[in-house]
Amino acid sequence: MERILHLDIADSTNNKLKELAAAGAPEGQIVIAQEQSAGKGRRGRSFASPKGAGIYFSYLFKPVKMTAELSALTAWTAVAVHNAIKAACGMETGIKWVNDLVLNKKKLCGILTEMSIEDGHIKYVVIGIGINVNHKPADFPEEVREIATSLHIESGQTFSREAITEELIKELDKLREDFPLGKKAYLEAYREACVTIGKEVCVISGDSKRHAKALRINDDFSLEVEYENGQRESLSSGEVSVRGLEGYV
């Protein structure tokens, strides 16, 4: 099989790549679709994937062993995507903890990593990336139109999805080589790009919501917050809404 599988349409590039991984696809296998009929976001949400507008992309990663750093892989990936967009488009994105890229306070890109673990051993990780490139406002469902954006909307330019994809592959190949020993550079880049720090946030866990202030990104990429009662907590997962970022209030 070619390293890059190009599809006109997929329900989800992550789903297709998981099928290939289960059938023995090698590390570095990539699936790209022109359109997704059931694009997936975090926590069961959908990801709008109109034909020819964005990059809908999945990458197969096979870590040698289980490591604590695997929990931060989505954060590493956010840095890789941030770097790729900057290299291809000259645009500086922000990272909303833990793994959304934003422009002008609106969501530009989502990342979804899915792991397969068997008998305590990591079999593979599928890294799914969706970037809004040439979307126009009408390309987004009405319910997310006020909180989502694209490179085109923010700049007025039309971008080459192929050029961005080329940079994205370079960055993910580099991430694969750097992981996990190259953590320092990714952590520094993440901290520099993170727009969550210093903001008033709402920590969402199940049905509960607690207001807090985001203090810092810890060395393990967790987010340290301080609640209104002075209690502090380091969040390694979950959802944090940021006041002042459209749709994240």
# chains A, B, ... in the order shown; residues from 1 in each chain; ligands from 1

call {"tool": "residues_around", "arguments": {"residues": "stretch 54-60 of chain A", "least_positions_apart": "5", "cutoff": "6 Å", "atoms": "only C-alpha atoms", "output": "PDB file with N, CA and C atoms, in the first residue's frame"}}
result
ATOM      1  N   THR A  13     -11.540   9.611   8.803  1.00  0.00           N
ATOM      2  CA  THR A  13     -10.203   9.122   8.457  1.00  0.00           C
ATOM      3  C   THR A  13      -9.616   8.304   9.608  1.00  0.00           C
ATOM      4  N   ASN A  14      -9.977   8.643  10.847  1.00  0.00           N
ATOM      5  CA  ASN A  14      -9.511   7.835  11.974  1.00  0.00           C
ATOM      6  C   ASN A  14     -10.049   6.420  11.894  1.00  0.00           C
ATOM      7  N   GLU A  27       3.904   1.897  10.631  1.00  0.00           N
ATOM      8  CA  GLU A  27       3.957   3.214  11.256  1.00  0.00           C
ATOM      9  C   GLU A  27       4.197   4.275  10.184  1.00  0.00           C
ATOM     10  N   GLY A  28       3.522   5.419  10.352  1.00  0.00           N
ATOM     11  CA  GLY A  28       3.654   6.485   9.364  1.00  0.00           C
ATOM     12  C   GLY A  28       2.607   6.424   8.267  1.00  0.00           C
ATOM     13  N   GLN A  29       1.761   5.382   8.285  1.00  0.00           N
ATOM     14  CA  GLN A  29       0.665   5.314   7.315  1.00  0.00           C
ATOM     15  C   GLN A  29      -0.268   6.509   7.519  1.00  0.00           C
ATOM     16  N   ILE A  30      -0.737   7.071   6.406  1.00  0.00           N
ATOM     17  CA  ILE A  30      -1.578   8.271   6.445  1.00  0.00           C
ATOM     18  C   ILE A  30      -2.847   8.031   5.637  1.00  0.00           C
ATOM     19  N   VAL A  31      -3.956   8.544   6.144  1.00  0.00           N
ATOM     20  CA  VAL A  31      -5.211   8.555   5.396  1.00  0.00           C
ATOM     21  C   VAL A  31      -5.685  10.009   5.289  1.00  0.00           C
ATOM     22  N   ILE A  32      -5.997  10.424   4.058  1.00  0.00           N
ATOM     23  CA  ILE A  32      -6.503  11.772   3.812  1.00  0.00           C
ATOM     24  C   ILE A  32      -7.803  11.652   3.022  1.00  0.00           C
ATOM     25  N   ALA A  33      -8.818  12.386   3.424  1.00  0.00           N
ATOM     26  CA  ALA A  33     -10.093  12.380   2.706  1.00  0.00           C
ATOM     27  C   ALA A  33     -10.445  13.788   2.253  1.00  0.00           C
ATOM     28  N   VAL A 126      -3.686   6.338  16.624  1.00  0.00           N
ATOM     29  CA  VAL A 126      -4.137   7.062  15.433  1.00  0.00           C
ATOM     30  C   VAL A 126      -4.300   8.522  15.824  1.00  0.00           C
ATOM     31  N   ILE A 127      -3.585   9.386  15.117  1.00  0.00           N
ATOM     32  CA  ILE A 127      -3.652  10.832  15.365  1.00  0.00           C
ATOM     33  C   ILE A 127      -4.518  11.450  14.271  1.00  0.00           C
ATOM     34  N   GLY A 128      -5.690  11.939  14.659  1.00  0.00           N
ATOM     35  CA  GLY A 128      -6.604  12.556  13.704  1.00  0.00           C
ATOM     36  C   GLY A 128      -6.539  14.071  13.798  1.00  0.00           C
ATOM     37  N   ILE A 129      -6.467  14.723  12.647  1.00  0.00           N
ATOM     38  CA  ILE A 129      -6.333  16.181  12.598  1.00  0.00           C
ATOM     39  C   ILE A 129      -7.320  16.735  11.574  1.00  0.00           C
ATOM     40  N   GLY A 130      -8.093  17.725  11.993  1.00  0.00           N
ATOM     41  CA  GLY A 130      -8.989  18.418  11.069  1.00  0.00           C
ATOM     42  C   GLY A 130      -8.676  19.904  11.095  1.00  0.00           C
ATOM     43  N   ILE A 131      -8.306  20.466   9.943  1.00  0.00           N
ATOM     44  CA  ILE A 131      -7.957  21.888   9.852  1.00  0.00           C
ATOM     45  C   ILE A 131      -8.938  22.580   8.917  1.00  0.00           C
ATOM     46  N   ASN A 132      -9.524  23.670   9.400  1.00  0.00           N
ATOM     47  CA  ASN A 132     -10.418  24.478   8.558  1.00  0.00           C
ATOM     48  C   ASN A 132      -9.562  25.401   7.700  1.00  0.00           C
ATOM     49  N   VAL A 133      -9.482  25.107   6.426  1.00  0.00           N
ATOM     50  CA  VAL A 133      -8.562  25.841   5.545  1.00  0.00           C
ATOM     51  C   VAL A 133      -9.299  26.880   4.714  1.00  0.00           C
TER      52      VAL A 133
END

call {"tool": "residues_around", "arguments": {"residues": "A:Cys109", "least_positions_apart": "2", "cutoff": "12 Å", "atoms": "only C-alpha atoms", "output": "PyMOL selection string"}}
result
chain A and resi 41-42+47-49+54-57+77-79+81-82+85+93-96+98-103+106-107+111-112+128-133+135+147-151

call {"tool": "select_by_dssp", "arguments": {"residues": "stretch 182-237 of chain A", "states": "helix (DSSP H, G or I)", "output": "number ranges by chain"}}
result
A: 183-193

call {"tool": "select_by_dssp", "arguments": {"residues": "stretch 51-182 of chain A", "states": "strand (DSSP E or B)", "output": "PDB file with C-alpha atoms, in the first residue's frame"}}
result
ATOM      1  CA  GLY A  54     -10.372  21.507   4.832  1.00  0.00           C
ATOM      2  CA  ILE A  55      -7.703  18.978   5.678  1.00  0.00           C
ATOM      3  CA  TYR A  56      -9.090  15.732   7.090  1.00  0.00           C
ATOM      4  CA  PHE A  57      -6.085  13.668   7.986  1.00  0.00           C
ATOM      5  CA  SER A  58      -5.008  10.723  10.147  1.00  0.00           C
ATOM      6  CA  TYR A  59      -1.498   9.512  10.955  1.00  0.00           C
ATOM      7  CA  LEU A  60      -0.432   6.133  12.385  1.00  0.00           C
ATOM      8  CA  PHE A  61       2.034   6.197  15.271  1.00  0.00           C
ATOM      9  CA  GLY A  94      -2.885  29.899  19.390  1.00  0.00           C
ATOM     10  CA  ILE A  95      -3.345  26.659  21.297  1.00  0.00           C
ATOM     11  CA  LYS A  96      -6.330  26.347  23.625  1.00  0.00           C
ATOM     12  CA  ASP A 100      -7.592  23.004  19.900  1.00  0.00           C
ATOM     13  CA  LEU A 101      -5.902  25.530  17.636  1.00  0.00           C
ATOM     14  CA  VAL A 102      -7.566  28.941  17.513  1.00  0.00           C
ATOM     15  CA  LEU A 103      -7.380  32.099  15.418  1.00  0.00           C
ATOM     16  CA  LYS A 106     -12.315  30.992  17.253  1.00  0.00           C
ATOM     17  CA  LYS A 107     -11.611  27.321  16.648  1.00  0.00           C
ATOM     18  CA  LEU A 108      -9.477  26.547  13.602  1.00  0.00           C
ATOM     19  CA  CYS A 109      -8.374  22.975  14.160  1.00  0.00           C
ATOM     20  CA  GLY A 110      -9.246  19.944  16.249  1.00  0.00           C
ATOM     21  CA  ILE A 111      -7.082  16.961  17.160  1.00  0.00           C
ATOM     22  CA  LEU A 112      -8.303  13.531  18.223  1.00  0.00           C
ATOM     23  CA  THR A 113      -5.880  10.773  19.252  1.00  0.00           C
ATOM     24  CA  GLU A 114      -7.187   7.229  19.643  1.00  0.00           C
ATOM     25  CA  MET A 115      -5.058   4.472  21.179  1.00  0.00           C
ATOM     26  CA  SER A 116      -5.262   0.710  20.874  1.00  0.00           C
ATOM     27  CA  ILE A 117      -3.967  -1.093  23.965  1.00  0.00           C
ATOM     28  CA  GLU A 118      -3.856  -4.867  24.388  1.00  0.00           C
ATOM     29  CA  HIS A 121       0.884  -2.986  25.652  1.00  0.00           C
ATOM     30  CA  ILE A 122       0.382  -0.151  23.179  1.00  0.00           C
ATOM     31  CA  LYS A 123      -0.411  -1.457  19.704  1.00  0.00           C
ATOM     32  CA  TYR A 124      -0.782   1.859  17.929  1.00  0.00           C
ATOM     33  CA  VAL A 125      -2.053   5.425  18.143  1.00  0.00           C
ATOM     34  CA  VAL A 126      -4.137   7.062  15.433  1.00  0.00           C
ATOM     35  CA  ILE A 127      -3.652  10.832  15.365  1.00  0.00           C
ATOM     36  CA  GLY A 128      -6.604  12.556  13.704  1.00  0.00           C
ATOM     37  CA  ILE A 129      -6.333  16.181  12.598  1.00  0.00           C
ATOM     38  CA  GLY A 130      -8.989  18.418  11.069  1.00  0.00           C
ATOM     39  CA  ILE A 131      -7.957  21.888   9.852  1.00  0.00           C
ATOM     40  CA  ASN A 132     -10.418  24.478   8.558  1.00  0.00           C
ATOM     41  CA  ALA A 148     -15.447  28.287  14.245  1.00  0.00           C
TER      42      ALA A 148
END

call {"tool": "residues_around", "arguments": {"residues": "stretch 203-218 of chain A", "least_positions_apart": "3", "cutoff": "7 Å", "atoms": "only C-alpha atoms", "output": "VMD selection string"}}
result
chain A and resid 191 196 to 200 221 to 228 238 to 241
